[in-house]
>>> print(open('work.txt').read())   # compact mmCIF, C-alpha atoms
# COMPACT_ATOMS: atom_id res chain seq x y z
CA GLY A 7 5.87 -7.86 -17.08
CA GLY A 8 7.28 -6.51 -13.81
CA GLY A 9 9.65 -8.20 -11.40
CA VAL A 10 7.00 -10.08 -9.41
CA GLY A 11 5.16 -11.12 -12.57
CA LEU A 12 8.34 -12.56 -14.05
CA TYR A 13 8.96 -14.61 -10.89
CA LEU A 14 5.36 -15.80 -10.97
CA ALA A 15 5.69 -16.86 -14.60
CA GLN A 16 8.73 -18.97 -13.81
CA LEU A 17 7.27 -20.50 -10.65
CA GLY A 18 4.03 -21.29 -12.47
CA VAL A 19 5.88 -23.07 -15.27
CA LEU A 20 7.97 -25.01 -12.73
CA ALA A 21 4.71 -26.12 -11.08
CA GLY A 22 3.38 -27.35 -14.42
CA ALA A 23 0.96 -24.50 -15.10
CA THR A 24 0.21 -22.84 -18.42
CA VAL A 25 0.90 -19.17 -17.70
CA ILE A 26 -1.07 -16.34 -19.32
CA GLY A 27 0.19 -12.86 -18.56
CA THR A 28 -0.98 -9.31 -19.22
CA VAL A 29 1.03 -6.09 -19.60
CA GLY A 30 0.14 -2.44 -19.91
CA THR A 31 3.35 -1.29 -21.63
CA HIS A 32 4.60 -2.40 -25.03
CA GLY A 33 7.87 -4.32 -24.93
CA LYS A 34 7.44 -5.81 -21.44
CA GLU A 35 5.96 -8.97 -22.89
CA ARG A 36 9.25 -10.16 -24.41
CA ARG A 37 10.97 -11.19 -21.20
CA ALA A 38 7.81 -12.81 -19.82
CA LEU A 39 7.67 -15.01 -22.93
CA ASP A 40 11.37 -15.81 -22.54
CA TYR A 41 10.67 -16.86 -18.95
CA GLY A 42 8.02 -19.37 -19.94
CA ALA A 43 4.68 -17.59 -20.30
CA ALA A 44 2.55 -19.29 -22.98
CA ARG A 45 0.86 -16.03 -23.94
CA VAL A 46 1.23 -12.38 -22.93
CA ILE A 47 -1.60 -9.97 -23.76
CA HIS A 48 -1.25 -6.21 -24.03
CA ARG A 49 -4.40 -4.88 -22.43
CA ASP A 50 -4.66 -1.87 -24.76
CA ASP A 51 -4.50 -4.05 -27.88
CA GLU A 52 -6.55 -7.07 -26.95
CA ASP A 53 -9.35 -8.13 -24.62
CA PHE A 54 -7.51 -10.25 -22.05
CA VAL A 55 -10.74 -11.88 -20.85
CA ALA A 56 -11.63 -13.07 -24.37
CA ALA A 57 -8.05 -14.29 -24.90
CA ALA A 58 -8.02 -16.23 -21.62
CA LEU A 59 -11.35 -17.89 -22.40
CA GLU A 60 -10.14 -18.78 -25.89
CA LEU A 61 -6.92 -20.31 -24.58
CA THR A 62 -8.86 -22.37 -22.00
CA ARG A 63 -11.59 -23.35 -24.50
CA GLY A 64 -14.20 -21.39 -22.61
CA ARG A 65 -13.48 -22.97 -19.23
CA GLY A 66 -11.62 -20.06 -17.65
CA VAL A 67 -8.31 -20.00 -15.83
CA ASP A 68 -7.77 -21.82 -12.54
CA LYS A 69 -6.07 -18.97 -10.71
CA VAL A 70 -5.76 -15.20 -11.05
CA VAL A 71 -2.83 -13.36 -9.46
CA ASP A 72 -3.39 -9.61 -9.58
CA SER A 73 -1.46 -6.49 -8.53
CA THR A 74 -3.66 -3.85 -10.16
CA GLY A 75 -7.07 -3.98 -8.46
CA GLY A 76 -9.79 -1.70 -9.81
CA SER A 77 -11.25 -2.41 -13.24
CA ILE A 78 -8.61 -4.97 -14.21
CA LEU A 79 -9.32 -7.10 -11.16
CA ASP A 80 -13.05 -6.72 -11.73
CA ARG A 81 -12.76 -7.97 -15.32
CA SER A 82 -10.51 -10.83 -14.22
CA PHE A 83 -13.51 -12.44 -12.52
CA ASP A 84 -14.95 -13.03 -16.00
CA ALA A 85 -11.80 -14.92 -17.01
CA ILE A 86 -11.68 -17.40 -14.12
CA ARG A 87 -13.51 -20.72 -13.83
CA PRO A 88 -16.04 -21.60 -11.10
CA LEU A 89 -14.34 -22.63 -7.83
CA GLY A 90 -11.18 -20.83 -8.91
CA HIS A 91 -8.89 -18.83 -6.64
CA VAL A 92 -7.91 -15.14 -6.84
CA VAL A 93 -4.74 -13.81 -5.21
CA SER A 94 -4.39 -10.04 -4.81
CA TYR A 95 -1.08 -8.46 -3.82
CA GLY A 96 -1.51 -4.82 -4.84
CA GLU A 97 -3.84 -2.08 -5.99
CA ALA A 98 -1.81 -0.18 -8.62
CA GLU A 99 -4.99 1.07 -10.29
CA ALA A 100 -7.43 1.16 -7.38
CA PRO A 101 -8.81 -0.95 -4.50
CA PRO A 102 -11.30 -3.69 -5.42
CA PHE A 103 -14.73 -2.42 -6.39
CA ALA A 104 -17.59 -2.55 -3.89
CA ASN A 105 -19.10 -5.50 -5.81
CA LEU A 106 -16.32 -7.87 -4.67
CA TRP A 107 -18.70 -10.09 -2.68
CA GLN A 108 -21.04 -10.51 -5.65
CA ARG A 109 -18.13 -11.30 -7.93
CA LEU A 110 -16.89 -14.06 -5.64
CA VAL A 111 -20.26 -15.65 -4.90
CA ARG A 112 -21.30 -15.80 -8.55
CA LYS A 113 -18.69 -18.50 -9.23
CA SER A 114 -18.00 -19.74 -5.67
CA LEU A 115 -14.50 -18.26 -5.84
CA THR A 116 -11.99 -17.93 -3.04
CA TYR A 117 -10.00 -14.72 -2.57
CA THR A 118 -6.72 -13.97 -0.79
CA ARG A 119 -5.19 -10.56 -0.09
CA LEU A 120 -1.67 -11.09 1.25
CA HIS A 121 0.12 -8.64 3.55
CA ILE A 122 3.74 -9.60 4.19
CA GLY A 123 3.52 -8.19 7.72
CA HIS A 124 1.15 -10.99 8.72
CA ILE A 125 3.60 -13.75 7.77
CA ASP A 126 5.37 -15.50 10.65
CA PRO A 127 9.06 -15.46 9.60
CA HIS A 128 9.79 -18.20 12.12
CA SER A 129 7.25 -20.67 10.76
CA ALA A 130 8.29 -23.90 9.04
CA ALA A 131 6.28 -22.97 5.96
CA TRP A 132 8.07 -19.62 5.59
CA ALA A 133 11.50 -21.21 6.09
CA ALA A 134 10.73 -23.91 3.53
CA GLY A 135 9.56 -21.31 1.02
CA VAL A 136 12.64 -19.12 1.47
CA GLN A 137 14.89 -22.17 1.16
CA ALA A 138 13.14 -23.32 -2.01
CA VAL A 139 13.39 -19.90 -3.68
CA THR A 140 17.02 -19.21 -2.73
CA THR A 141 18.06 -22.69 -3.83
CA ALA A 142 16.32 -22.21 -7.18
CA ILE A 143 18.07 -18.86 -7.67
CA LEU A 144 21.49 -20.29 -6.80
CA ASP A 145 21.17 -23.30 -9.12
CA GLY A 146 19.80 -21.18 -11.97
CA THR A 147 16.32 -22.69 -12.03
CA LEU A 148 14.79 -19.34 -11.05
CA LYS A 149 16.23 -16.40 -12.97
CA VAL A 150 16.53 -12.97 -11.38
CA PRO A 151 15.66 -10.37 -14.03
CA ILE A 152 18.10 -7.47 -13.61
CA GLU A 153 17.40 -4.52 -15.91
CA GLY A 154 20.18 -2.22 -14.74
CA VAL A 155 22.69 -1.35 -12.03
CA TYR A 156 23.07 2.28 -10.90
CA ALA A 157 25.66 4.11 -8.86
CA LEU A 158 24.45 6.07 -5.83
CA GLU A 159 24.90 9.41 -7.64
CA ASP A 160 22.60 8.15 -10.44
CA VAL A 161 19.68 7.36 -8.13
CA HIS A 162 17.45 9.98 -9.79
CA ALA A 163 17.96 8.35 -13.19
CA MET A 164 17.13 4.98 -11.66
CA TYR A 165 13.83 6.22 -10.24
CA ALA A 166 12.97 8.00 -13.49
CA ARG A 167 13.41 4.74 -15.35
CA LEU A 168 11.30 2.92 -12.80
CA GLU A 169 8.52 5.49 -13.15
CA SER A 170 8.55 5.05 -16.94
CA ARG A 171 6.80 1.67 -16.45
CA LYS A 172 9.07 0.18 -19.12
CA VAL A 173 11.18 -1.87 -16.73
CA ALA A 174 10.74 -5.64 -16.97
CA GLY A 175 12.79 -6.72 -13.99
CA LYS A 176 14.79 -5.24 -11.14
CA LEU A 177 16.94 -2.12 -10.88
CA LEU A 178 19.87 -2.39 -8.47
CA GLN A 179 21.78 0.35 -6.69
CA LYS A 180 25.49 -0.15 -6.12
CA SER A 181 25.50 2.23 -3.14
CA LEU A 182 29.06 2.41 -1.79
CA GLN A 183 30.52 -0.72 -3.38
CA ASP A 184 32.74 1.33 -5.66
CA ARG A 185 34.29 2.85 -2.54
CA GLY A 186 35.20 -0.48 -1.00
CA LEU A 187 31.98 -1.44 0.79
CA LYS A 188 31.24 -5.16 0.41
CA PHE A 189 27.88 -6.91 0.66
CA LEU A 190 27.89 -10.61 1.51
CA ILE A 191 24.31 -11.79 1.04
CA GLY A 192 23.42 -14.81 3.16
CA ALA A 193 26.79 -14.93 4.95
CA GLN A 194 26.73 -16.60 8.35
CA THR A 195 29.15 -15.43 11.03
CA GLN A 196 31.28 -18.13 12.66
CA GLU A 197 33.55 -16.05 14.91
CA LEU A 198 34.71 -12.53 15.74
CA THR A 199 38.40 -12.34 16.66
CA GLY A 200 40.73 -9.69 18.03
CA GLY A 201 38.46 -8.30 20.77
CA SER A 202 36.68 -9.08 23.99
CA ASP A 203 33.90 -7.66 26.15
CA THR A 204 34.57 -4.09 27.20
CA ARG A 205 35.46 -3.68 30.89
CA GLU A 206 35.76 -0.44 32.83
CA GLY A 207 39.29 0.92 32.76
CA GLU A 208 40.49 -1.24 29.86
CA ASP A 209 42.19 0.24 26.83
CA PRO A 210 39.44 0.63 24.17
CA ALA A 211 41.93 -0.30 21.44
CA ARG A 212 42.14 -3.79 22.91
CA GLN A 213 38.42 -4.32 22.42
CA ARG A 214 38.44 -3.78 18.66
CA VAL A 215 37.23 -6.66 16.49
CA LYS A 216 39.90 -7.20 13.88
CA THR A 217 38.62 -10.18 11.91
CA ILE A 218 35.31 -11.79 11.03
CA ARG A 219 35.32 -15.47 10.13
CA PHE A 220 32.30 -16.84 8.24
CA LYS A 221 31.02 -20.40 8.25
CA ASP A 222 32.25 -20.96 4.69
CA GLY A 223 35.83 -20.28 5.87
CA THR A 224 36.08 -16.73 4.51
CA GLU A 225 37.90 -14.22 6.73
CA LEU A 226 37.67 -10.44 6.47
CA ALA A 227 39.74 -7.83 8.26
CA THR A 228 37.55 -5.08 9.66
CA ASP A 229 37.68 -1.72 11.41
CA LEU A 230 33.99 -1.53 12.33
CA VAL A 231 31.39 -4.21 12.97
CA VAL A 232 27.67 -3.44 13.14
CA MET A 233 25.70 -6.35 14.58
CA ALA A 234 21.97 -6.50 13.86
CA VAL A 235 19.23 -9.02 14.46
CA GLY A 236 15.94 -9.48 12.64
CA ILE A 237 12.63 -8.85 14.32
CA ARG A 238 9.21 -10.24 13.62
CA PRO A 239 7.07 -7.82 11.57
CA ASN A 240 4.11 -6.39 13.47
CA THR A 241 1.25 -4.76 11.58
CA THR A 242 -1.73 -3.24 13.35
CA LEU A 243 -4.80 -2.58 11.23
>>> encode(input="work.txt", output="C-alpha cells")
Amino acid sequence: GGGVGLYLAQLGVLAGATVIGTVGTHGKERRALDYGAARVIHRDDEDFVAAALELTRGRGVDKVVDSTGGSILDRSFDAIRPLGHVVSYGEAEAPPFANLWQRLVRKSLTYTRLHIGHIDPHSAAWAAGVQAVTTAILDGTLKVPIEGVYALEDVHAMYARLESRKVAGKLLQKSLQDRGLKFLIGAQTQELTGGSDTREGEDPARQRVKTIRFKDGTELATDLVVMAVGIRPNTTL
C-alpha cells in the first residue's frame, strides 16, 4: 500500500505476474487494486498466508517481496512455493528471526537483501534499469502515486501525515518553488555562456555565468550556478 509497494504492483503486472498485496492500514488497498493488484489483504482482517495459498490453489506464490521483516516475513515463508525467491528491502517490524536458515532450507528457497549502497551506478544493468523506469514514467505506463504536495512551512504537517501510516503514495515538498526556484529534473547542460575561467587581476563581474543552455534547447538566465557531480556510493559494513 506504500509507494514502493505500488510501484511493485505495477511492475509485476507489466511483467505478467498476478500480484497479491498486503496492507496494515484500512483504505490503503484501494490504490493498489487500481494499480493492478489482483487481491489486497488486510493483515488484521484476514490470514494472508491462507489467502495466498487459496489464490494459488495450494501451490504457493513464486516470489515474496517484503519490507516488514519480523513475524510478517516469517509467516511469508509459509505462503511461498518450493524453490521460490524472497526479496527483503526493509525491516519495518523487526529484523528476520534467527530461524531464517531453517526457513530457507525447508523449501530450498533463495533470499536476497538489497542495500542500494552496493549497487554500481555505472554498470550497464543499472543504467538499463533506470532508463526503463524513467521511460515508463514519462510515457504513462508506470504511474507515480502522489498523495499530496506541501509548502516548506507545512513540513510538520507533511511528516505527521506520513507517520499516520495512511499514505498510499508519495508526499512532495515544494521547497522554494513558490519563491521562484525552479527544478529541472533530468536536464542536461549543453553550454554555460557569459563567463570564462577566473584569472588573477580580472574583474570578477566578467566571470559571471549569465545563461545556461540545455541540450533540449532551453535557455535560462542565471545569477548563480552551482555545479555538482555524482559520486559512487560507498558502504562499509
>>> atom_distance(input="work.txt", atom1="CA of Asp68 in chain A", atom2="CA of Arg119 in chain A")
17.0 Å
>>> atom_distance(input="work.txt", atom1="CA of Gly200 in chain A", atom2="CA of Lys216 in chain A")
4.9 Å
>>> atom_distance(input="work.txt", atom1="CA of Asp229 in chain A", atom2="CA of Val215 in chain A")
7.1 Å
>>> closest_residue(input="work.txt", among="A:Leu144, A:Val150, A:Ala56, A:Val25", to="Tyr13 in chain A", atoms="only C-alpha atoms")
A:Val150
>>> closest_atom_pairs(input="work.txt", of="range 119-197 of chain A", to="range 225-228 of chain A", cutoff="10 Å", atoms="all atoms listed in the file", output="Markdown table")
| residue | atom | partner | partner_atom | distance |
| --- | --- | --- | --- | --- |
| A:Thr195 | CA | A:Glu225 | CA | 9.8 |
| A:Gln196 | CA | A:Glu225 | CA | 9.7 |
| A:Glu197 | CA | A:Glu225 | CA | 9.4 |
>>> residues_around(input="work.txt", residues="Tyr41 in chain A", least_positions_apart="4", cutoff="8 Å", atoms="only C-alpha atoms", output="list of chain:residue names")
A:Leu12, A:Ala15, A:Gln16, A:Arg37
>>> residues_around(input="work.txt", residues="Ala174 in chain A", least_positions_apart="2", cutoff="9 Å", atoms="only C-alpha atoms", output="PyMOL selection string")
chain A and resi 7-9+11-12+33-38+151-153+171-172+176
>>> closest_residue(input="work.txt", among="A:Tyr95, A:Lys149, A:Val10, A:Leu106", to="Asp40 in chain A", atoms="only C-alpha atoms")
A:Lys149
>>> residues_around(input="work.txt", residues="Asp84 in chain A", least_positions_apart="3", cutoff="8 Å", atoms="all atoms listed in the file", output="PyMOL selection string")
chain A and resi 55+66+80-81
>>> decode(input="work.txt", residues="range 24-71 of chain A", atoms="N, CA and C atoms", output="CSV table (one decimal), in the first residue's frame")
chain,number,residue,atom,x,y,z
A,24,THR,N,0.6,-12.2,-11.5
A,24,THR,CA,-0.6,-12.0,-10.7
A,24,THR,C,-0.1,-11.5,-9.3
A,25,VAL,N,-0.5,-10.3,-9.0
A,25,VAL,CA,0.1,-9.6,-7.8
A,25,VAL,C,-0.9,-9.7,-6.6
A,26,ILE,N,-0.4,-10.2,-5.5
A,26,ILE,CA,-1.2,-10.3,-4.3
A,26,ILE,C,-0.5,-9.4,-3.3
A,27,GLY,N,-1.2,-8.4,-2.7
A,27,GLY,CA,-0.6,-7.5,-1.8
A,27,GLY,C,-1.1,-7.6,-0.4
A,28,THR,N,-0.4,-7.1,0.6
A,28,THR,CA,-1.0,-7.0,1.9
A,28,THR,C,-0.8,-5.6,2.4
A,29,VAL,N,-1.7,-5.1,3.3
A,29,VAL,CA,-1.6,-3.8,4.0
A,29,VAL,C,-1.9,-4.0,5.4
A,30,GLY,N,-1.5,-3.0,6.2
A,30,GLY,CA,-1.7,-3.0,7.6
A,30,GLY,C,-2.6,-1.8,8.1
A,31,THR,N,-3.1,-1.0,7.1
A,31,THR,CA,-4.0,0.1,7.4
A,31,THR,C,-5.1,0.1,6.4
A,32,HIS,N,-6.3,0.2,7.0
A,32,HIS,CA,-7.5,0.2,6.1
A,32,HIS,C,-7.5,1.4,5.2
A,33,GLY,N,-7.9,1.2,4.0
A,33,GLY,CA,-8.0,2.2,3.0
A,33,GLY,C,-6.9,2.2,2.0
A,34,LYS,N,-5.7,1.7,2.4
A,34,LYS,CA,-4.5,1.7,1.5
A,34,LYS,C,-4.6,0.7,0.4
A,35,GLU,N,-5.6,-0.2,0.5
A,35,GLU,CA,-5.8,-1.3,-0.5
A,35,GLU,C,-6.4,-0.7,-1.8
A,36,ARG,N,-7.1,0.4,-1.7
A,36,ARG,CA,-7.8,0.9,-2.9
A,36,ARG,C,-6.9,1.2,-4.1
A,37,ARG,N,-5.9,2.0,-3.8
A,37,ARG,CA,-5.0,2.4,-4.9
A,37,ARG,C,-4.2,1.2,-5.4
A,38,ALA,N,-3.8,0.3,-4.6
A,38,ALA,CA,-3.1,-0.9,-5.0
A,38,ALA,C,-4.0,-1.7,-6.0
A,39,LEU,N,-5.3,-1.8,-5.7
A,39,LEU,CA,-6.2,-2.5,-6.6
A,39,LEU,C,-6.3,-1.7,-7.9
A,40,ASP,N,-6.4,-0.4,-7.8
A,40,ASP,CA,-6.4,0.4,-9.0
A,40,ASP,C,-5.2,0.3,-9.9
A,41,TYR,N,-4.1,0.0,-9.3
A,41,TYR,CA,-2.8,-0.1,-10.0
A,41,TYR,C,-2.5,-1.6,-10.5
A,42,GLY,N,-3.5,-2.4,-10.3
A,42,GLY,CA,-3.4,-3.8,-11.0
A,42,GLY,C,-3.3,-5.0,-10.1
A,43,ALA,N,-3.2,-4.8,-8.7
A,43,ALA,CA,-3.1,-5.9,-7.8
A,43,ALA,C,-4.4,-6.8,-8.0
A,44,ALA,N,-4.3,-8.1,-8.0
A,44,ALA,CA,-5.4,-9.0,-8.2
A,44,ALA,C,-6.2,-9.1,-6.8
A,45,ARG,N,-5.4,-9.0,-5.7
A,45,ARG,CA,-6.0,-9.1,-4.4
A,45,ARG,C,-5.1,-8.4,-3.4
A,46,VAL,N,-5.8,-7.6,-2.5
A,46,VAL,CA,-5.0,-7.0,-1.4
A,46,VAL,C,-5.7,-7.4,-0.1
A,47,ILE,N,-4.9,-7.9,0.8
A,47,ILE,CA,-5.3,-8.5,2.0
A,47,ILE,C,-4.9,-7.6,3.2
A,48,HIS,N,-5.9,-7.2,4.0
A,48,HIS,CA,-5.6,-6.5,5.3
A,48,HIS,C,-5.2,-7.5,6.3
A,49,ARG,N,-4.0,-7.4,6.9
A,49,ARG,CA,-3.5,-8.4,7.7
A,49,ARG,C,-4.2,-8.6,9.0
A,50,ASP,N,-4.9,-7.5,9.5
A,50,ASP,CA,-5.7,-7.6,10.7
A,50,ASP,C,-7.0,-8.3,10.5
A,51,ASP,N,-7.5,-8.4,9.3
A,51,ASP,CA,-8.8,-8.9,9.0
A,51,ASP,C,-8.8,-10.3,8.4
A,52,GLU,N,-7.7,-10.7,7.9
A,52,GLU,CA,-7.6,-12.0,7.1
A,52,GLU,C,-6.2,-12.6,7.2
A,53,ASP,N,-6.1,-13.9,7.2
A,53,ASP,CA,-4.9,-14.6,7.2
A,53,ASP,C,-4.3,-14.5,5.8
A,54,PHE,N,-3.2,-13.7,5.6
A,54,PHE,CA,-2.7,-13.6,4.3
A,54,PHE,C,-2.0,-14.8,3.7
A,55,VAL,N,-1.5,-15.7,4.6
A,55,VAL,CA,-1.0,-17.0,4.2
A,55,VAL,C,-2.1,-17.8,3.6
A,56,ALA,N,-3.2,-18.0,4.3
A,56,ALA,CA,-4.3,-18.8,3.8
A,56,ALA,C,-4.8,-18.2,2.5
A,57,ALA,N,-4.9,-16.9,2.4
A,57,ALA,CA,-5.4,-16.3,1.2
A,57,ALA,C,-4.5,-16.5,0.0
A,58,ALA,N,-3.2,-16.4,0.2
A,58,ALA,CA,-2.2,-16.7,-0.8
A,58,ALA,C,-2.3,-18.1,-1.3
A,59,LEU,N,-2.4,-19.0,-0.4
A,59,LEU,CA,-2.5,-20.5,-0.8
A,59,LEU,C,-3.8,-20.8,-1.5
A,60,GLU,N,-4.9,-20.1,-1.1
A,60,GLU,CA,-6.1,-20.3,-1.8
A,60,GLU,C,-6.1,-19.8,-3.2
A,61,LEU,N,-5.5,-18.6,-3.4
A,61,LEU,CA,-5.4,-18.0,-4.7
A,61,LEU,C,-4.5,-18.8,-5.6
A,62,THR,N,-3.5,-19.5,-5.1
A,62,THR,CA,-2.6,-20.3,-5.9
A,62,THR,C,-2.9,-21.7,-5.9
A,63,ARG,N,-4.1,-22.1,-5.4
A,63,ARG,CA,-4.6,-23.5,-5.3
A,63,ARG,C,-3.6,-24.3,-4.6
A,64,GLY,N,-3.1,-23.8,-3.5
A,64,GLY,CA,-2.3,-24.6,-2.6
A,64,GLY,C,-0.8,-24.6,-3.0
A,65,ARG,N,-0.4,-24.1,-4.1
A,65,ARG,CA,0.9,-24.2,-4.6
A,65,ARG,C,1.9,-23.2,-3.9
A,66,GLY,N,1.4,-22.0,-3.6
A,66,GLY,CA,2.2,-21.0,-3.0
A,66,GLY,C,2.7,-20.0,-4.1
A,67,VAL,N,3.0,-18.8,-3.7
A,67,VAL,CA,3.5,-17.8,-4.6
A,67,VAL,C,4.9,-18.1,-5.1
A,68,ASP,N,5.2,-17.5,-6.2
A,68,ASP,CA,6.6,-17.7,-6.8
A,68,ASP,C,7.6,-16.8,-6.1
A,69,LYS,N,7.2,-15.6,-5.7
A,69,LYS,CA,8.1,-14.6,-5.1
A,69,LYS,C,7.5,-13.8,-4.0
A,70,VAL,N,8.2,-13.6,-3.0
A,70,VAL,CA,7.8,-12.7,-1.9
A,70,VAL,C,8.7,-11.5,-1.9
A,71,VAL,N,8.1,-10.3,-1.8
A,71,VAL,CA,8.9,-9.1,-1.7
A,71,VAL,C,8.4,-8.4,-0.4
